[in-house]
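What follows is one structure encoded as structure tokens, with my remarks underneath.
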Amino acid sequence: MPVTDAQVATLRALLSDDTDHYEQLFGQLDRAQARSGYTALVTGAFCEAVERRFGRNYQPADVIAFVGQVRARSERVAKGLDPDVAERVIRVVYGDGSLADLSDSAVVSAQLVLLGGLIADEQLDAPELDAFLAGARKLADQLMS
């Protein structure tokens with residue numbers, strides 16, 4: 001089943017830092033569809049954002065520095081984002097390491113927090129965010145097929 005417009009709108013609200021709208025939209029998502037479609041969309045967006053940030057020749061030191069910067073943005077994030085998990089979910093985008101020992105919820109949670117940081121750093125305007133999400137949706141649909 002492809003990613004739905006509602007799932008894209010939900011992630012868009014989150015990445016636009018519209019927390020109230022995000023919570024409302026997330027609460028309306030079909031849970032069964034969200035487990036596959038929304039999770040794939042988050043993963044697609046995360047992979048796209050990581051590649052945009054770190055490029056083809058990523059360096060582990062850059063990943064470590066970025067995770068530290070994200071964790072330093074708020075006490076809540078620092079407490080909730082395990083740096084080892086965060087670094088691993090970034091590195092696995094490049095085929096470096098494995099996430100097999102982590103729960104799906106731990107992976108998606110780390111991806112969401114890091115994705116928020118990646119997008120915040122890019123300071124995308126509305127059309128750029130829409131274009132980013134269109135690419136993420138295409139990648140997510142490919143991941144699910």
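Identifiers in the structure tokens: chain A, B, ... in order shown; residue index from 1 per chain; ligand index from 1 in order shown.
With only C-alpha atoms taken into account, the protein and nucleic acid residues at most 12 Å from Leu124 (chain A) (excluding it and anything under 3 positions from it in its own chain) are Arg12, Leu15, Ser16, Asp17, Ala49, Gly116, Gly117, Leu118, Ile119, Ala120, Asp121, Pro127, Glu128, Leu129, Asp130, Ala131, Phe132 and Leu133 of chain A.
Omitting region 25-33 of chain A and its sequence neighbours fewer than 4 positions away, and counting only C-alpha atoms, the residues within 9 Å are Met1, Val3, Thr4, Ala6, Gln7, Ala9, Thr10, Leu11, Ala13, Asp20, His21, Gly37 and Tyr38 of chain A.
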Nearby residues (only C-alpha atoms) at most 12 Å from Asp96 (chain A), same-chain spacing under 3 positions excluded, as a VMD selection string: chain A and resid 58 to 60 87 to 93 99
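Pairwise distance (CA of Leu139 (chain A), CA of Gly44 (chain A)) equals 5.4 Å.
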Shortest interatomic distance to Asp104 (chain A) - which of A:Cys47, A:Phe54, A:Asp82, A:Ser36, counting only C-alpha atoms: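 Among A:Cys47, A:Phe54, A:Asp82, A:Ser36, it is A:Ser36 that comes nearest to Asp104 (chain A).
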Length of the CA of Val107 (chain A) to CA of Val85 (chain A) vector [Å]: 7.5 Å
Within 12 Å of Ala72 (chain A) using only C-alpha atoms, minus same-chain residues under 6 positions, as a PyMOL selection string: chain A and resi 65-66+78-81+83+117
Using N, CA and C atoms, can you write the selected residues to a file as a compact mmCIF listing (two decimals), in the first residue's frame?
# COMPACT_ATOMS: atom_id res chain seq x y z
N ALA A 65 29.55 14.68 15.65
CA ALA A 65 29.36 16.10 15.93
C ALA A 65 27.90 16.51 15.76
N PHE A 66 27.26 16.04 14.69
CA PHE A 66 25.86 16.40 14.45
C PHE A 66 24.97 15.87 15.57
N ALA A 78 18.24 15.66 24.79
CA ALA A 78 19.46 15.06 25.33
C ALA A 78 19.15 13.82 26.15
N LYS A 79 18.05 13.87 26.92
CA LYS A 79 17.69 12.71 27.73
C LYS A 79 17.08 11.60 26.91
N GLY A 80 16.36 11.95 25.85
CA GLY A 80 15.62 10.95 25.09
C GLY A 80 16.33 10.34 23.90
N LEU A 81 17.41 10.96 23.46
CA LEU A 81 18.12 10.48 22.28
C LEU A 81 19.44 9.84 22.67
N PRO A 83 22.89 8.61 22.13
CA PRO A 83 23.85 8.98 21.08
C PRO A 83 24.33 7.78 20.25
N GLY A 117 16.02 17.66 13.38
CA GLY A 117 17.25 18.46 13.41
C GLY A 117 17.82 18.72 12.03
Filtered DSSP result for region 2-138 of chain A, state alpha helix (DSSP H), as a PyMOL selection string: chain A and resi 5-15+19-28+31-33+39-54+60-71+75-80+83-91+104-122+126-138
Distance in Å - CA of Ser105 (chain A) versus CA of Val42 (chain A):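 If I compute the distance from CA of Ser105 (chain A) to CA of Val42 (chain A), I get 11.9 Å.
In this comparison, which uses only C-alpha atoms, the residue of A:Ala100, A:Leu14, A:Ala61, A:Ala134 approaching Leu112 (chain A) most closely is A:Leu14.
Closest approach to Arg35 (chain A) among A:Leu114, A:Met144, A:Ala136, A:Ala126 is made by A:Met144 (distances from only C-alpha atoms).
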